[in-house]
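Asker: File structure-v1.txt follows (compact mmCIF, C-alpha atoms and all ligand atoms):
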```
# COMPACT_ATOMS: atom_id res chain seq x y z
CA MET A 1429 6.84 -44.01 18.22
CA ALA A 1430 7.03 -42.78 14.64
CA ILE A 1431 8.16 -45.45 12.25
CA SER A 1432 9.08 -43.75 9.01
CA ALA A 1433 10.09 -46.80 7.06
CA THR A 1434 10.25 -50.51 7.56
CA ARG A 1435 12.10 -52.81 5.27
CA ASN A 1436 12.59 -56.49 5.30
CA ARG A 1437 14.46 -57.88 2.37
CA ALA A 1438 16.47 -60.98 1.72
CA LEU A 1439 18.95 -61.50 4.47
CA PHE A 1440 22.37 -62.99 4.31
CA PRO A 1441 22.99 -63.99 0.72
CA SER A 1442 26.55 -64.85 1.62
CA SER A 1443 27.95 -68.34 1.78
CA PHE A 1444 30.15 -67.11 4.61
CA ASP A 1445 29.25 -66.50 8.21
CA PRO A 1446 29.50 -63.02 9.80
CA PHE A 1447 33.14 -63.60 10.55
CA GLY A 1448 34.06 -64.52 7.00
CA ARG A 1449 34.14 -68.25 7.75
CA PRO A 1450 32.54 -70.74 5.39
CA ALA A 1451 28.85 -71.44 5.98
CA PHE A 1452 29.41 -74.84 7.54
CA LEU A 1453 31.24 -73.19 10.43
CA ARG A 1454 28.21 -71.15 11.52
CA TRP A 1455 27.11 -72.17 14.96
CA HIS A 1456 27.55 -69.41 17.49
CA SER A 1457 25.16 -66.55 17.24
CA LYS A 1458 21.50 -65.76 16.85
CA VAL A 1459 22.47 -64.41 13.47
CA HIS A 1460 23.62 -67.90 12.65
CA THR A 1461 20.28 -69.33 13.76
CA MET A 1462 18.43 -66.81 11.60
CA ARG A 1463 20.52 -67.71 8.59
CA VAL A 1464 20.03 -71.41 8.97
CA LYS A 1465 16.28 -71.03 9.35
CA ARG A 1466 16.15 -68.94 6.22
CA ARG A 1467 18.32 -71.41 4.34
CA GLN A 1468 16.08 -74.34 5.31
CA LEU A 1469 13.06 -72.47 4.12
CA ASP A 1470 14.80 -71.66 0.87
CA SER A 1471 15.99 -75.15 0.15
CA SER A 1472 12.60 -76.72 0.88
CA GLY A 1473 11.35 -74.92 -2.22
CA SER A 1474 8.33 -73.51 -0.42
CA SER A 1475 7.53 -69.86 -0.70
CA PHE A 1476 8.68 -68.62 2.66
CA THR A 1477 7.46 -65.61 4.56
CA LEU A 1478 9.76 -63.18 6.26
CA GLY A 1479 7.87 -63.60 9.54
CA PHE A 1480 10.69 -65.19 11.43
CA GLU A 1481 13.18 -62.59 10.37
CA GLU A 1482 10.70 -59.76 10.85
CA ASP A 1483 10.52 -60.67 14.53
CA LYS A 1484 14.26 -60.71 14.79
CA ALA A 1485 15.16 -57.86 12.45
CA VAL A 1486 17.66 -55.36 13.69
CA ARG A 1487 16.48 -51.81 14.40
CA LEU A 1488 18.00 -48.51 13.39
CA ILE A 1489 16.93 -45.54 15.49
CA GLY A 1490 17.43 -41.94 14.38
CA MET A 1491 16.45 -39.40 11.75
CA LEU A 1492 17.69 -39.18 8.20
CA ASP A 1493 18.72 -35.55 8.60
CA SER A 1494 21.63 -37.00 10.58
CA PRO A 1495 24.45 -38.02 8.24
CA TYR A 1496 25.40 -40.74 10.71
CA VAL A 1497 21.95 -42.31 10.61
CA ARG A 1498 21.73 -41.90 6.85
CA ARG A 1499 25.08 -43.57 6.15
CA VAL A 1500 24.02 -46.55 8.24
CA ALA A 1501 20.56 -46.83 6.62
CA ILE A 1502 21.99 -46.62 3.10
CA SER A 1503 24.75 -49.10 3.91
CA LEU A 1504 22.32 -51.65 5.37
CA ARG A 1505 20.15 -51.29 2.28
CA ILE A 1506 23.10 -51.87 -0.05
CA GLN A 1507 24.22 -54.81 2.05
CA ASP A 1508 20.69 -56.23 1.85
CA ILE A 1509 20.40 -56.49 5.61
CA ALA A 1510 16.79 -56.36 6.80
CA PHE A 1511 16.13 -53.69 9.40
CA SER A 1512 13.37 -51.56 10.76
CA HIS A 1513 13.93 -47.82 10.83
CA GLU A 1514 12.46 -45.76 13.67
CA SER A 1515 12.75 -42.09 12.86
CA LEU A 1516 13.11 -40.68 16.37
CA SER A 1517 14.63 -37.29 17.10
CA VAL A 1518 17.23 -36.93 19.86
CA PHE A 1519 15.54 -33.63 20.63
CA SER A 1520 11.77 -33.78 20.11
CA ASP A 1521 11.50 -37.52 20.92
CA PHE A 1522 14.02 -37.47 23.77
CA ASP A 1523 12.04 -39.70 26.15
CA ALA A 1524 11.12 -42.28 23.52
CA PHE A 1525 14.73 -42.30 22.36
CA ALA A 1526 15.98 -42.64 25.95
CA SER A 1527 13.71 -45.65 26.46
CA ILE A 1528 15.72 -47.43 23.77
CA ASN A 1529 19.12 -45.94 24.52
CA PRO A 1530 19.40 -43.84 27.71
CA VAL A 1531 22.51 -42.16 26.24
CA VAL A 1532 20.27 -40.72 23.47
CA LYS A 1533 22.87 -40.97 20.70
CA SER A 1534 21.75 -41.04 17.11
CA PRO A 1535 22.12 -43.43 15.44
CA SER A 1536 21.34 -46.19 17.90
CA PHE A 1537 21.03 -49.73 16.69
CA VAL A 1538 19.43 -52.74 18.33
CA THR A 1539 20.70 -56.16 17.32
CA ASP A 1540 18.41 -59.16 16.99
CA ASP A 1541 19.29 -60.22 20.56
CA GLY A 1542 18.55 -56.76 21.97
CA THR A 1543 22.09 -55.43 22.25
CA VAL A 1544 22.05 -51.65 21.85
CA LEU A 1545 24.92 -50.23 19.78
CA MET A 1546 25.74 -46.60 19.10
CA ASP A 1547 28.18 -44.68 16.87
CA SER A 1548 27.71 -45.14 13.13
CA SER A 1549 31.19 -46.55 12.50
CA LEU A 1550 30.78 -49.20 15.20
CA ILE A 1551 27.33 -50.08 13.89
CA LEU A 1552 28.73 -50.40 10.37
CA GLU A 1553 31.54 -52.60 11.66
CA PHE A 1554 28.87 -54.91 13.09
CA ALA A 1555 26.92 -54.72 9.81
CA GLU A 1556 30.04 -55.80 7.90
CA ARG A 1557 30.04 -59.00 9.94
CA LEU A 1558 26.31 -59.42 9.72
CA GLY A 1559 26.25 -59.04 5.96
CA GLY A 1560 29.23 -61.27 5.32
CA LEU A 1561 32.04 -60.93 2.83
CA SER A 1562 29.92 -60.93 -0.30
CA SER A 1563 28.21 -57.66 0.65
CA SER A 1564 31.25 -56.00 2.19
CA LEU A 1565 31.55 -52.26 1.64
CA VAL A 1566 35.28 -52.25 2.37
CA PRO A 1567 38.05 -52.70 -0.24
CA LYS A 1568 39.89 -55.98 0.23
CA ASP A 1569 43.30 -54.63 -0.74
CA LEU A 1570 45.17 -53.29 2.30
CA ARG A 1571 46.36 -50.06 0.67
CA GLU A 1572 42.96 -49.35 -0.81
CA HIS A 1573 41.47 -50.06 2.59
CA ALA A 1574 43.78 -47.46 4.17
CA ARG A 1575 42.79 -44.91 1.55
CA ALA A 1576 39.12 -45.70 2.10
CA GLN A 1577 39.57 -45.20 5.84
CA ARG A 1578 41.24 -41.84 5.19
CA ILE A 1579 38.37 -40.76 2.94
CA ILE A 1580 35.78 -41.87 5.48
CA GLY A 1581 37.73 -40.09 8.23
CA LEU A 1582 37.73 -36.84 6.25
CA ALA A 1583 34.00 -37.13 5.53
CA LEU A 1584 33.22 -37.89 9.18
CA ALA A 1585 35.36 -34.96 10.32
CA ALA A 1586 33.36 -32.76 7.93
CA CYS A 1587 30.12 -34.09 9.44
CA GLU A 1588 31.37 -33.46 12.95
CA LYS A 1589 32.42 -29.89 12.17
CA THR A 1590 29.10 -29.22 10.42
CA VAL A 1591 27.19 -30.50 13.45
CA GLN A 1592 29.31 -28.34 15.77
CA ILE A 1593 28.50 -25.22 13.74
CA VAL A 1594 24.80 -26.09 13.59
CA TYR A 1595 24.59 -26.78 17.32
CA GLU A 1596 26.51 -23.59 18.09
CA HIS A 1597 23.95 -21.58 16.13
CA ASN A 1598 20.86 -23.50 17.23
CA PHE A 1599 21.53 -24.11 20.89
CA ARG A 1600 23.86 -21.42 22.18
CA PRO A 1601 22.40 -17.97 22.80
CA SER A 1602 23.92 -15.55 20.30
CA GLU A 1603 25.52 -13.41 23.01
CA LYS A 1604 27.40 -16.48 24.25
CA ARG A 1605 28.72 -17.58 20.87
CA HIS A 1606 32.48 -17.58 20.64
CA GLY A 1607 33.59 -16.25 17.24
CA PRO A 1608 37.15 -17.62 17.33
CA TRP A 1609 35.82 -21.10 18.08
CA LEU A 1610 33.37 -20.93 15.17
CA ASP A 1611 36.18 -19.69 12.87
CA ARG A 1612 38.37 -22.58 13.96
CA VAL A 1613 35.65 -25.16 13.33
CA GLN A 1614 34.80 -23.62 9.96
CA GLY A 1615 38.48 -23.74 8.96
CA GLN A 1616 38.63 -27.42 9.91
CA LEU A 1617 35.45 -28.08 7.95
CA LEU A 1618 36.83 -26.46 4.80
CA SER A 1619 40.17 -28.27 5.19
CA ALA A 1620 38.35 -31.58 5.41
CA TYR A 1621 36.34 -30.87 2.26
CA GLY A 1622 39.40 -29.54 0.41
CA LEU A 1623 41.27 -32.80 1.08
CA LEU A 1624 38.21 -34.92 0.39
CA GLU A 1625 37.72 -33.20 -2.97
CA LYS A 1626 41.26 -34.23 -3.98
CA GLU A 1627 40.59 -37.85 -3.02
CA VAL A 1628 37.25 -37.94 -4.81
CA LEU A 1629 38.78 -36.64 -8.06
CA ARG A 1630 39.75 -40.27 -8.71
CA ALA A 1631 36.18 -41.56 -8.57
CA ASP A 1632 35.13 -43.10 -11.90
CA PRO A 1633 32.24 -43.24 -11.25
CA TRP A 1634 32.89 -44.69 -7.77
CA LEU A 1635 36.04 -44.65 -5.70
CA PHE A 1636 37.13 -48.27 -5.42
CA ALA A 1637 34.77 -50.55 -7.30
CA ASP A 1638 32.02 -50.61 -9.86
CA ARG A 1639 29.53 -50.05 -7.05
CA LEU A 1640 29.11 -47.81 -4.03
CA LEU A 1641 31.34 -48.76 -1.10
CA GLN A 1642 31.49 -47.16 2.33
CA ALA A 1643 33.91 -44.40 1.25
CA ASP A 1644 31.51 -43.34 -1.53
CA ILE A 1645 28.47 -43.53 0.73
CA THR A 1646 29.96 -41.53 3.58
CA SER A 1647 31.51 -38.88 1.30
CA ALA A 1648 28.24 -38.37 -0.56
CA VAL A 1649 26.13 -38.34 2.61
CA ALA A 1650 28.48 -35.87 4.30
CA PHE A 1651 28.60 -33.50 1.33
CA ARG A 1652 24.81 -33.43 0.96
CA PHE A 1653 24.43 -32.85 4.69
CA THR A 1654 26.76 -29.85 4.80
CA CYS A 1655 25.32 -28.40 1.59
CA GLU A 1656 21.85 -28.58 3.17
CA MET A 1657 22.82 -27.31 6.60
CA LEU A 1658 25.45 -24.69 5.77
CA PRO A 1659 24.83 -23.49 2.20
CA HIS A 1660 26.39 -20.11 3.07
CA ILE A 1661 29.66 -21.83 4.01
CA LEU A 1662 29.96 -24.66 1.50
CA ASP A 1663 29.75 -23.62 -2.12
CA ARG A 1664 29.01 -26.68 -4.28
CA GLN A 1665 30.82 -25.15 -7.29
CA THR A 1666 34.11 -25.19 -5.40
CA TYR A 1667 33.92 -28.99 -5.14
CA PRO A 1668 33.09 -30.37 -8.59
CA ALA A 1669 34.27 -33.91 -7.84
CA LEU A 1670 32.25 -34.12 -4.64
CA SER A 1671 29.25 -32.53 -6.35
CA GLY A 1672 29.44 -35.18 -9.06
CA LEU A 1673 29.80 -38.05 -6.59
CA SER A 1674 26.92 -36.66 -4.53
CA ARG A 1675 24.68 -36.34 -7.59
CA ARG A 1676 25.41 -39.87 -8.79
CA ALA A 1677 24.95 -41.33 -5.31
CA GLU A 1678 21.69 -39.46 -4.70
CA GLU A 1679 20.35 -41.00 -7.92
CA SER A 1680 21.05 -44.54 -6.67
CA GLU A 1681 18.29 -46.76 -5.35
CA ALA A 1682 19.65 -46.91 -1.79
CA PHE A 1683 20.08 -43.14 -1.48
CA ARG A 1684 16.59 -42.55 -2.84
CA ALA A 1685 15.20 -45.10 -0.37
CA TYR A 1686 16.72 -43.12 2.52
CA PRO A 1687 16.65 -39.48 1.37
CA PHE A 1688 17.99 -36.56 3.34
CA ARG A 1689 15.07 -34.96 5.16
N1 LIG B 1 30.41 -40.28 16.08
C1 LIG B 1 29.00 -40.44 16.15
C2 LIG B 1 28.32 -39.08 16.06
C3 LIG B 1 26.82 -39.18 16.25
C4 LIG B 1 26.20 -37.85 16.58
O1 LIG B 1 26.87 -36.88 16.91
N2 LIG B 1 24.88 -37.82 16.48
C5 LIG B 1 24.14 -36.64 16.83
C6 LIG B 1 23.00 -36.46 15.85
S1 LIG B 1 23.59 -36.02 14.25
C7 LIG B 1 23.58 -36.83 18.21
O2 LIG B 1 23.34 -37.94 18.65
N3 LIG B 1 23.34 -35.72 18.89
C8 LIG B 1 22.75 -35.71 20.19
C9 LIG B 1 23.75 -35.64 21.28
O3 LIG B 1 24.95 -35.86 21.04
O4 LIG B 1 23.32 -35.38 22.39
C10 LIG B 1 28.52 -41.39 15.06
O5 LIG B 1 29.27 -41.63 14.10
O6 LIG B 1 27.43 -41.96 15.17
```
Using structure tokens, write down the structure from this file.
Ligand SMILES: N[C@@H](CCC(=O)N[C@@H](CS)C(=O)NCC(=O)O)C(=O)O
Answerer:
Amino acid sequence: MAISATRNRALFPSSFDPFGRPAFLRWHSKVHTMRVKRRQLDSSGSSFTLGFEEDKAVRLIGMLDSPYVRRVAISLRIQDIAFSHESLSVFSDFDAFASINPVVKSPSFVTDDGTVLMDSSLILEFAERLGGLSSSLVPKDLREHARAQRIIGLALAACEKTVQIVYEHNFRPSEKRHGPWLDRVQGQLLSAYGLLEKEVLRADPWLFADRLLQADITSAVAFRFTCEMLPHILDRQTYPALSGLSRRAEESEAFRAYPFR
């Protein structure tokens, strides 16, 4: 199994539990146990090792050329959630991937108690709870939250349409390709980026806060992905706001830690 990167950094800086409850209400999950152990080590004043958490760290499976994997890796990094990253391909490492998740969906994510999750948005929903309120990547205000969800939805639609075009070209024999279908998907892709560009015009430098939140991360990851995969379809110059957001995001520590490759 190829392990491209392993990170274990400070876990759970929050004074809230994964469900946003105050620390003293933590008692249910393994996550709770991990937090308490860490807290005891901290408060004893001794220099602790990360050994306990290393054993329990969550695992992210999938390659960084997938925008879904990349958005999860970058988000976990920004949220300061320790995880190990196993860079397995759903194609060339099919069997190894299947041994972790027989559905072979990338990203897959294994919680500290061995529960296997899939789908980046569901994994990120879990990470929101794991990281606690202080590291949340979601705007608190309801209307801003709705706008963030719209932005993320547009970016994810763009990723999906990009993947469809790539798969159509890479996996379907050329004589079986259906032009009208490809035209439809390309139209949807460009609509998504046209609408996303309008939303991102408001970014200064980020969309909702003075730091990267999920809407920034997913927009920037999506744009980079399509630019890399379909340069003949997506012209960077046509999307100056997205280009700017992408450039700023790619310069950030978390994006550099998990580069597109
Ligand atoms: N909605 C999913 C999409 C994930 C997805 O389509 N991943 C691709 C890799 S980029 C995959 O697993 N492809 C293999 C397959 O579907 O068989 C998510 O957000 O995670």
Asker: At a cut-off of 6 Å and counting all atoms listed in the file, what residues surround ligand LIG 1 (chain B)? Please answer as a PyMOL selection string.
Answerer: chain A and resi 1494+1496+1518+1533-1535+1547-1549
Asker: Which residue, A:Ala1586, A:Phe1599, A:His1660, A:Gly1607, has the smallest gap to Ala1648 of chain A when you use all atoms listed in the file?
Answerer: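 Under the stated criterion, the closest residue is A:Ala1586.
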Asker: Tell me, in Å to one decimal, how far atom CA of Pro1608 of chain A is from atom CA of Leu1623 of chain A.
Answerer: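 If I compute the distance from atom CA of Pro1608 of chain A to atom CA of Leu1623 of chain A, I get 22.6 Å.
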Asker: Listing only residues of segment 1587-1682 of chain A within 8 Å of segment 1497-1508 of chain A, what is the closest atom pair and its distance in Å (to one decimal) for each, using only C-alpha atoms, sorted by chain and residue number ascending, as a Markdown table?
Answerer:
```
| residue | atom | partner | partner_atom | distance |
| --- | --- | --- | --- | --- |
| A:Gln1642 | CA | A:Ser1503 | CA | 7.2 |
| A:Ile1645 | CA | A:Arg1499 | CA | 6.4 |
| A:Thr1646 | CA | A:Arg1499 | CA | 5.9 |
| A:Val1649 | CA | A:Arg1499 | CA | 6.4 |
| A:Ala1682 | CA | A:Ile1502 | CA | 5.4 |
```
Asker: Could you check the closest approach to Glu1679 of chain A for each of A:Arg1630, A:Phe1653, A:Leu1640, A:Arg1664 and tell me which residue wins, using all atoms listed in the file?
Answerer: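 Nearest candidate to Glu1679 of chain A out of A:Arg1630, A:Phe1653, A:Leu1640, A:Arg1664: A:Leu1640.
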Asker: Identify which of the residues A:Gln1577, A:Ser1680, A:Gln1592, A:Asn1529 lies closest to Met1657 of chain A, counting all atoms listed in the file when measuring atom-to-atom distances.
Answerer: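 The closest residue to Met1657 of chain A is A:Gln1592.
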Asker: Hey, can I get the axis-aligned box for segment 1654-1663 of chain A? All listed atoms, 5 Å padding on each side, centre and edge lengths in Å to one decimal, as JSON.
Answerer:
```
{"center_x": 25.9, "center_y": -25.0, "center_z": 2.2, "size_x": 18.1, "size_y": 19.7, "size_z": 18.7}
```
Asker: In terms of the shortest atom-to-atom distance over all atoms listed in the file, which of A:Leu1558, A:Lys1568, A:Leu1488, A:Gly1581 is closest to Phe1537 of chain A?
Answerer: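 Checking each candidate against Phe1537 of chain A, we get A:Leu1488 as the closest.
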Asker: Using only C-alpha atoms for the distances, tell me which of A:Arg1684, A:Arg1487, A:Arg1578, A:His1513 is nearest to Lys1626 of chain A.
Answerer: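 That would be A:Arg1578, the residue with the smallest distance to Lys1626 of chain A.
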Asker: Give me the residues within 12 Å of Ala1524 of chain A as a compact mmCIF listing (two decimals) with C-alpha atoms, in the coordinates of the input, counting all atoms listed in the file and dropping any in the same chain fewer than 3 places off.
Answerer:
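After the write, around_14.txt holds the following:
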```
# COMPACT_ATOMS: atom_id res chain seq x y z
CA MET A 1429 6.84 -44.01 18.22
CA ALA A 1430 7.03 -42.78 14.64
CA ILE A 1489 16.93 -45.54 15.49
CA GLY A 1490 17.43 -41.94 14.38
CA GLU A 1514 12.46 -45.76 13.67
CA SER A 1515 12.75 -42.09 12.86
CA LEU A 1516 13.11 -40.68 16.37
CA SER A 1517 14.63 -37.29 17.10
CA VAL A 1518 17.23 -36.93 19.86
CA PHE A 1519 15.54 -33.63 20.63
CA SER A 1520 11.77 -33.78 20.11
CA ASP A 1521 11.50 -37.52 20.92
CA SER A 1527 13.71 -45.65 26.46
CA ILE A 1528 15.72 -47.43 23.77
CA ASN A 1529 19.12 -45.94 24.52
CA PRO A 1530 19.40 -43.84 27.71
CA VAL A 1531 22.51 -42.16 26.24
CA VAL A 1532 20.27 -40.72 23.47
```
Asker: Between A:Ser1619, A:Leu1565, A:Met1491, A:Val1591, which residue has the minimum interatomic distance to Glu1656 of chain A, considering all atoms listed in the file?
Answerer: A:Val1591
Asker: Around the point (36.0, -22.9, 5.6) in the file's coordinates, collect all residues with an atom within 12 Å, using only C-alpha atoms, and return them as a ChimeraX atom specification.
Answerer: /A:1586,1589-1590,1593,1610-1622,1654,1658-1663,1666
Asker: One number please: atom CA of Leu1673 of chain A to atom CA of Ala1685 of chain A, in Å, one decimal.
Answerer: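 These atoms are spaced 17.4 Å apart.
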Asker: In Å to one decimal, how far is atom CA of Arg1676 of chain A from atom CA of Phe1688 of chain A?
Answerer: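 Atom-to-atom, atom CA of Phe1688 of chain A to atom CA of Arg1676 of chain A, that is 14.6 Å.
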Asker: Please identify all polymer residues within 10 Å of Glu1556 of chain A, counting all atoms listed in the file, omitting same-chain residues fewer than 3 positions from it, and present them as a PyMOL selection string.
Answerer: chain A and resi 1446-1448+1503-1504+1507+1509+1550-1553+1559-1566
